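The next block is run.cif, given as mmCIF, C-alpha atoms.
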```
data_final
loop_
_atom_site.label_atom_id
_atom_site.label_comp_id
_atom_site.auth_asym_id
_atom_site.auth_seq_id
_atom_site.Cartn_x
_atom_site.Cartn_y
_atom_site.Cartn_z
CA MET A 154 0.00 0.00 0.00
CA ALA A 155 2.82 2.39 0.89
CA ARG A 156 4.58 1.48 -2.35
CA ARG A 157 1.46 2.32 -4.31
CA THR A 158 1.10 5.65 -2.55
CA LYS A 159 4.71 6.51 -3.34
CA ASP A 160 4.26 5.55 -6.99
CA GLU A 161 1.13 7.67 -7.19
CA ALA A 162 2.99 10.65 -5.74
CA VAL A 163 5.74 10.29 -8.35
CA GLU A 164 3.13 9.98 -11.09
CA THR A 165 1.35 13.13 -9.88
CA ARG A 166 4.63 15.03 -9.71
CA ASN A 167 5.54 14.07 -13.27
CA GLN A 168 2.01 14.93 -14.39
CA ILE A 169 2.47 18.45 -12.98
CA LEU A 170 5.89 18.84 -14.61
CA ASP A 171 4.54 17.67 -17.97
CA ALA A 172 1.70 20.18 -17.73
CA ALA A 173 4.13 22.96 -16.78
CA GLU A 174 6.19 22.24 -19.90
CA ARG A 175 3.14 22.52 -22.12
CA VAL A 176 1.75 25.68 -20.55
CA PHE A 177 5.09 27.47 -20.20
CA ASN A 178 5.86 26.68 -23.82
CA LYS A 179 2.51 28.00 -25.00
CA ARG A 180 2.04 31.06 -22.79
CA GLY A 181 5.47 31.92 -21.45
CA VAL A 182 6.55 31.66 -17.82
CA SER A 183 5.53 35.12 -16.60
CA ARG A 184 2.01 34.78 -18.01
CA THR A 185 1.47 31.35 -16.46
CA SER A 186 0.09 30.94 -12.95
CA LEU A 187 0.09 27.87 -10.76
CA SER A 188 -3.68 27.75 -11.25
CA ASP A 189 -3.10 27.43 -15.01
CA ILE A 190 -0.72 24.54 -14.44
CA ALA A 191 -3.07 22.87 -11.95
CA GLU A 192 -5.90 23.04 -14.48
CA ALA A 193 -3.72 21.64 -17.28
CA ALA A 194 -2.54 18.82 -15.01
CA SER A 195 -6.04 18.11 -13.67
CA VAL A 196 -4.87 18.54 -10.08
CA THR A 197 -5.50 21.07 -7.32
CA ARG A 198 -3.20 23.96 -6.38
CA GLY A 199 -2.71 22.15 -3.10
CA ALA A 200 -1.23 19.20 -4.99
CA ILE A 201 1.28 21.52 -6.64
CA TYR A 202 2.31 23.04 -3.30
CA TRP A 203 2.70 19.54 -1.90
CA HIS A 204 5.43 18.83 -4.45
CA PHE A 205 6.88 22.29 -5.14
CA LYS A 206 7.61 25.35 -3.03
CA ASP A 207 6.51 27.90 -5.66
CA LYS A 208 6.58 28.55 -9.41
CA ALA A 209 10.33 29.12 -9.41
CA ASP A 210 10.90 25.77 -7.71
CA LEU A 211 8.57 24.06 -10.19
CA PHE A 212 10.41 25.68 -13.09
CA CYS A 213 13.81 24.57 -11.77
CA GLU A 214 12.63 20.99 -11.31
CA MET A 215 11.19 20.99 -14.82
CA VAL A 216 14.58 22.04 -16.18
CA ALA A 217 16.43 19.58 -13.94
CA ARG A 218 14.56 16.67 -15.51
CA VAL A 219 16.37 17.28 -18.80
CA THR A 220 19.66 18.67 -17.52
CA MET A 221 20.35 16.00 -14.90
CA PRO A 222 21.39 13.48 -17.57
CA MET A 223 23.93 16.11 -18.67
CA GLU A 224 25.51 15.82 -15.23
CA ASP A 225 26.63 12.31 -16.14
CA ALA A 226 29.52 11.32 -18.41
CA PRO A 227 30.52 12.40 -20.93
CA CYS A 228 28.89 15.82 -20.51
CA GLN A 229 30.42 16.50 -17.10
CA ILE A 230 33.93 15.23 -17.75
CA ASN A 231 36.58 17.30 -16.01
CA PRO A 232 39.16 17.59 -18.82
CA ALA A 233 41.77 18.99 -16.45
CA ARG A 234 42.01 15.56 -14.81
CA GLU A 235 42.28 13.54 -18.01
CA GLU A 236 45.45 12.28 -19.67
CA ASP A 237 44.25 13.61 -23.04
CA PRO A 238 42.55 16.90 -22.06
CA LEU A 239 41.79 18.13 -25.59
CA THR A 240 39.98 14.92 -26.49
CA SER A 241 38.08 15.21 -23.21
CA VAL A 242 37.04 18.79 -24.03
CA ARG A 243 35.71 17.54 -27.36
CA ALA A 244 33.85 14.67 -25.67
CA MET A 245 32.25 17.01 -23.12
CA LEU A 246 30.97 19.49 -25.72
CA THR A 247 29.91 16.74 -28.12
CA GLY A 248 27.97 14.98 -25.36
CA ILE A 249 25.99 18.15 -24.60
CA LEU A 250 25.07 18.66 -28.26
CA GLN A 251 24.18 14.99 -28.73
CA ARG A 252 21.91 15.10 -25.70
CA THR A 253 20.13 18.17 -27.09
CA SER A 254 19.90 16.83 -30.62
CA GLY A 255 18.54 13.43 -29.60
CA ASP A 256 15.94 14.53 -27.02
CA LEU A 257 12.80 16.38 -28.09
CA GLN A 258 11.82 17.11 -24.49
CA ALA A 259 15.23 18.67 -23.82
CA ARG A 260 14.85 20.97 -26.82
CA ARG A 261 11.35 21.98 -25.69
CA VAL A 262 12.59 22.84 -22.21
CA PHE A 263 15.60 24.73 -23.57
CA HIS A 264 13.23 26.71 -25.77
CA ILE A 265 11.39 27.78 -22.60
CA VAL A 266 14.65 28.56 -20.81
CA PHE A 267 16.07 30.70 -23.61
CA HIS A 268 12.97 32.28 -25.11
CA LYS A 269 9.95 31.98 -22.83
CA CYS A 270 11.18 33.18 -19.44
CA GLU A 271 11.97 36.58 -17.98
CA TYR A 272 14.33 36.17 -15.04
CA VAL A 273 12.87 38.90 -12.86
CA ASP A 274 10.80 39.07 -9.67
CA GLU A 275 9.99 35.54 -8.49
CA MET A 276 12.18 34.00 -11.22
CA GLU A 277 15.31 35.94 -10.28
CA PRO A 278 16.66 33.11 -8.03
CA VAL A 279 16.37 30.81 -11.04
CA TRP A 280 18.76 33.01 -13.00
CA LYS A 281 21.26 32.83 -10.15
CA ARG A 282 21.04 29.04 -10.16
CA PHE A 283 21.55 28.91 -13.92
CA SER A 284 24.48 31.31 -13.70
CA GLU A 285 26.20 29.02 -11.20
CA MET A 286 25.68 26.04 -13.51
CA GLN A 287 27.04 27.97 -16.48
CA GLU A 288 30.08 29.17 -14.54
CA GLY A 289 30.84 25.60 -13.46
CA CYS A 290 30.77 24.38 -17.07
CA LEU A 291 32.91 27.31 -18.22
CA SER A 292 35.41 26.66 -15.43
CA ARG A 293 35.84 22.99 -16.39
CA LEU A 294 36.27 23.98 -20.02
CA GLU A 295 38.90 26.60 -19.19
CA GLN A 296 40.83 24.21 -16.94
CA GLY A 297 40.80 21.54 -19.65
CA LEU A 298 42.10 23.94 -22.28
CA ALA A 299 44.79 25.16 -19.89
CA ARG A 300 45.99 21.57 -19.35
CA ALA A 301 45.89 20.92 -23.11
CA LEU A 302 47.99 24.04 -23.67
CA LYS A 303 50.51 22.90 -21.05
CA GLN A 304 50.81 19.51 -22.78
CA GLY A 305 51.44 21.16 -26.16
CA GLN A 306 48.08 20.16 -27.67
CA LEU A 307 47.19 23.80 -28.42
CA PRO A 308 49.16 26.61 -30.07
CA ALA A 309 51.56 28.43 -27.78
CA GLY A 310 50.29 31.76 -26.54
CA LEU A 311 46.61 30.82 -26.90
CA ASP A 312 44.35 32.94 -24.70
CA VAL A 313 42.71 30.10 -22.76
CA ARG A 314 40.07 32.23 -21.02
CA ARG A 315 38.80 33.83 -24.20
CA THR A 316 38.86 30.52 -26.05
CA ALA A 317 36.81 28.87 -23.31
CA ILE A 318 34.29 31.72 -23.35
CA GLY A 319 34.01 31.45 -27.14
CA LEU A 320 33.45 27.68 -27.14
CA HIS A 321 30.93 27.94 -24.31
CA ALA A 322 29.03 30.70 -26.11
CA MET A 323 29.08 28.66 -29.31
CA VAL A 324 27.44 25.66 -27.63
CA ASP A 325 24.86 27.86 -25.89
CA GLY A 326 24.09 29.63 -29.15
CA LEU A 327 23.64 26.37 -31.05
CA ILE A 328 21.23 25.03 -28.44
CA SER A 329 19.28 28.30 -28.46
CA ASN A 330 19.03 28.32 -32.27
CA TRP A 331 18.08 24.66 -32.48
CA SER A 332 15.28 25.17 -29.97
CA ILE A 333 13.81 27.82 -32.29
CA ASP A 334 14.41 26.11 -35.61
CA PRO A 335 15.00 22.35 -35.41
CA GLU A 336 15.64 22.33 -39.17
CA THR A 337 19.08 23.83 -38.51
CA MET A 338 19.98 21.02 -36.14
CA PRO A 339 22.41 18.40 -37.51
CA PRO A 340 21.86 14.69 -36.83
CA GLU A 341 22.96 13.47 -33.43
CA SER A 342 25.81 11.56 -35.06
CA ASP A 343 27.23 14.80 -36.52
CA ALA A 344 27.55 16.64 -33.21
CA GLY A 345 31.25 15.82 -33.00
CA ARG A 346 31.87 17.26 -36.47
CA VAL A 347 30.27 20.54 -35.40
CA ILE A 348 32.67 20.78 -32.47
CA ASP A 349 35.61 19.81 -34.71
CA VAL A 350 35.00 22.80 -36.97
CA PHE A 351 35.71 25.14 -34.07
CA LEU A 352 38.52 23.10 -32.51
CA ASP A 353 40.30 22.83 -35.88
CA GLY A 354 40.11 26.60 -36.19
CA ILE A 355 41.84 26.94 -32.83
CA LEU A 356 44.49 24.33 -33.66
CA HIS A 357 45.40 25.99 -36.95
CA ALA A 358 45.19 29.57 -35.76
CA PRO A 359 48.38 31.62 -36.29
CA PRO A 360 50.53 32.08 -33.19
CA GLN A 361 49.32 34.84 -30.94
CA THR A 362 51.92 37.39 -30.00
CA VAL A 363 51.58 40.20 -27.57
CA LYS A 364 52.18 43.46 -29.38
CA PRO A 365 54.01 46.11 -27.43
CA ALA A 366 51.89 49.04 -26.49
CA PRO A 367 52.45 51.99 -28.82
CA ARG A 368 54.69 54.65 -27.38
CA ARG A 369 52.93 57.80 -26.48
CA ALA A 370 54.16 60.74 -28.48
CA THR A 371 55.66 63.44 -26.37
CA HIS A 372 55.05 66.97 -27.51
CA LYS A 373 57.70 69.23 -26.10
CA THR A 374 56.81 72.87 -25.92
CA PRO A 375 59.46 74.73 -27.85
CA ARG A 376 61.39 77.15 -25.77
CA LYS A 377 60.87 80.75 -26.55
CA ALA A 378 63.95 82.52 -27.78
CA ALA A 379 65.33 84.80 -25.14
CA LYS A 380 64.90 88.42 -25.94
CA SER A 381 68.22 90.10 -26.52
CA ALA A 382 68.88 93.35 -24.70
CA PRO A 383 68.46 96.42 -26.92
CA ARG A 384 71.74 97.62 -28.28
CA ARG A 385 72.75 101.10 -27.02
CA ARG A 386 73.36 103.61 -29.68
CA ARG A 387 76.78 105.20 -29.60
CA ALA A 388 76.79 108.96 -28.98
#
```
For this file, produce the structure as structure tokens.
Amino acid sequence: MARRTKDEAVETRNQILDAAERVFNKRGVSRTSLSDIAEAASVTRGAIYWHFKDKADLFCEMVARVTMPMEDAPCQINPAREEDPLTSVRAMLTGILQRTSGDLQARRVFHIVFHKCEYVDEMEPVWKRFSEMQEGCLSRLEQGLARALKQGQLPAGLDVRRTAIGLHAMVDGLISNWSIDPETMPPESDAGRVIDVFLDGILHAPPQTVKPAPRRATHKTPRKAAKSAPRRRRA
């Protein structure tokens, strides 16, 4: 009996999350109330509050359902700890794109995250949570590139921080675009090739040299010629 009750609770929770996906996707997060979600899920508001603290908590749990698998290998590899860090960076980024490409629910949720939510008022804590997740991913990427540079896998003088920011922004941008227009999304099997385009550009980039700062021109004020004393006329 207890097992059945637990199973029913899980079923109700998933029912609410499924309804939230549909309503958020259709109306946007700010224009959706918990009453709207309760009606779509055929449950009471009390049932929602039993499982979730508020709308922000419900939203976060909805996102977690699709991002939690990305917390497993290979998406969450720490390249800085791998013997072949550059290959690990590729595997991490490829895994994220493959997960997005192969999961319709993930793309629907990412569409809500990127295009259907304003992170203000009650949703402001959600933005903080996402920012921490993003910073963690960026940090792992930067550490992996730094180790790859140290091992000679990347061109000498490469700006690791800027490269990591660029790769991270590229992946975020691809996911955002794919969630709008799935027609632009390559097959799941081609995700690695997409990453290779950018990594090859880094590997074959010309060496970066630090140019000396231009010398500031000094404009000396010309000295005024001293006035000569007037010559005395001879009597």
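Among the candidates A:Arg175, A:Arg243, A:Arg300, A:His268, the one nearest to Gly345 of chain A when counting only C-alpha atoms is A:Arg243.
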Please, which residues are within 12 Å of (12.1, 25.0, -21.4) by the file's coordinates, counting all atoms listed in the file, and could they come as an mmCIF file with C-alpha atoms, in the coordinates of the input?
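result05.cif written:
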```cif
data_model
loop_
_atom_site.group_PDB
_atom_site.id
_atom_site.type_symbol
_atom_site.label_atom_id
_atom_site.label_comp_id
_atom_site.auth_asym_id
_atom_site.auth_seq_id
_atom_site.Cartn_x
_atom_site.Cartn_y
_atom_site.Cartn_z
ATOM 1 C CA LEU A 170 5.890 18.840 -14.610
ATOM 2 C CA ASP A 171 4.540 17.670 -17.970
ATOM 3 C CA ALA A 173 4.130 22.960 -16.780
ATOM 4 C CA GLU A 174 6.190 22.240 -19.900
ATOM 5 C CA ARG A 175 3.140 22.520 -22.120
ATOM 6 C CA VAL A 176 1.750 25.680 -20.550
ATOM 7 C CA PHE A 177 5.090 27.470 -20.200
ATOM 8 C CA ASN A 178 5.860 26.680 -23.820
ATOM 9 C CA LYS A 179 2.510 28.000 -25.000
ATOM 10 C CA ARG A 180 2.040 31.060 -22.790
ATOM 11 C CA GLY A 181 5.470 31.920 -21.450
ATOM 12 C CA VAL A 182 6.550 31.660 -17.820
ATOM 13 C CA LEU A 211 8.570 24.060 -10.190
ATOM 14 C CA PHE A 212 10.410 25.680 -13.090
ATOM 15 C CA CYS A 213 13.810 24.570 -11.770
ATOM 16 C CA GLU A 214 12.630 20.990 -11.310
ATOM 17 C CA MET A 215 11.190 20.990 -14.820
ATOM 18 C CA VAL A 216 14.580 22.040 -16.180
ATOM 19 C CA ALA A 217 16.430 19.580 -13.940
ATOM 20 C CA ARG A 218 14.560 16.670 -15.510
ATOM 21 C CA VAL A 219 16.370 17.280 -18.800
ATOM 22 C CA THR A 220 19.660 18.670 -17.520
ATOM 23 C CA THR A 253 20.130 18.170 -27.090
ATOM 24 C CA LEU A 257 12.800 16.380 -28.090
ATOM 25 C CA GLN A 258 11.820 17.110 -24.490
ATOM 26 C CA ALA A 259 15.230 18.670 -23.820
ATOM 27 C CA ARG A 260 14.850 20.970 -26.820
ATOM 28 C CA ARG A 261 11.350 21.980 -25.690
ATOM 29 C CA VAL A 262 12.590 22.840 -22.210
ATOM 30 C CA PHE A 263 15.600 24.730 -23.570
ATOM 31 C CA HIS A 264 13.230 26.710 -25.770
ATOM 32 C CA ILE A 265 11.390 27.780 -22.600
ATOM 33 C CA VAL A 266 14.650 28.560 -20.810
ATOM 34 C CA PHE A 267 16.070 30.700 -23.610
ATOM 35 C CA HIS A 268 12.970 32.280 -25.110
ATOM 36 C CA LYS A 269 9.950 31.980 -22.830
ATOM 37 C CA CYS A 270 11.180 33.180 -19.440
ATOM 38 C CA ILE A 328 21.230 25.030 -28.440
ATOM 39 C CA SER A 329 19.280 28.300 -28.460
ATOM 40 C CA SER A 332 15.280 25.170 -29.970
ATOM 41 C CA ILE A 333 13.810 27.820 -32.290
#
```
Mind dumping a table of every segment 321-361 of chain A residue within 12 Å of segment 290-293 of chain A, with the nearest atom pair and its distance in Å to one decimal, using all atoms listed in the file, sorted by chain and rising number, as CSV?
```
residue,atom,partner,partner_atom,distance
A:His321,CA,A:Leu291,CA,6.4
A:Ala322,CA,A:Leu291,CA,9.4
A:Met323,CA,A:Leu291,CA,11.8
A:Val324,CA,A:Leu291,CA,11.0
A:Asp325,CA,A:Leu291,CA,11.1
```
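Here the PyMOL selection byres ((chain A and resi 308) around 12) matches the residues Leu298, Ala299, Ala301, Leu302, Lys303, Gln304, Gly305, Gln306, Leu307, Ala309, Gly310, Leu311, Asp312, Val313, Thr316, Leu352, Asp353, Gly354, Ile355, Leu356, His357, Ala358, Pro359, Pro360, Gln361 and Thr362 of chain A.
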* To verify the selection step, state as a PyMOL selection string which residues the PyMOL selection byres ((chain A and resi 343) around 12) yields on this input. => chain A and resi 247-248+250-251+254-255+338-342+344-350
- prompt: Skipping near chain neighbours, those fewer than 4 positions away, what residues fall within 7 Å of segment 191-201 of chain A using all atoms listed in the file, listed as an MDAnalysis selection string?
  reply: chainID A and resid 168:169 172 187 205
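Relative to atom CA of Pro335 of chain A, atom CA of Ser284 of chain A is found at 25.3 Å.
Here atom CA of Glu336 of chain A is placed at a distance of 23.8 Å from atom CA of Gly319 of chain A.
Of the residues listed (A:Asn330, A:Thr158, A:Thr337, A:Ser241), A:Ser241 shows the shortest atom-to-atom separation from Gly297 of chain A; distances use all atoms listed in the file.
Among the candidates A:Glu288, A:Met276, A:Ile318, A:Gly326, the one nearest to Ala209 of chain A when counting only C-alpha atoms is A:Met276.
The two atoms in question, atom CA of Asp189 of chain A and atom CA of Lys208 of chain A, are spaced 11.2 Å apart.
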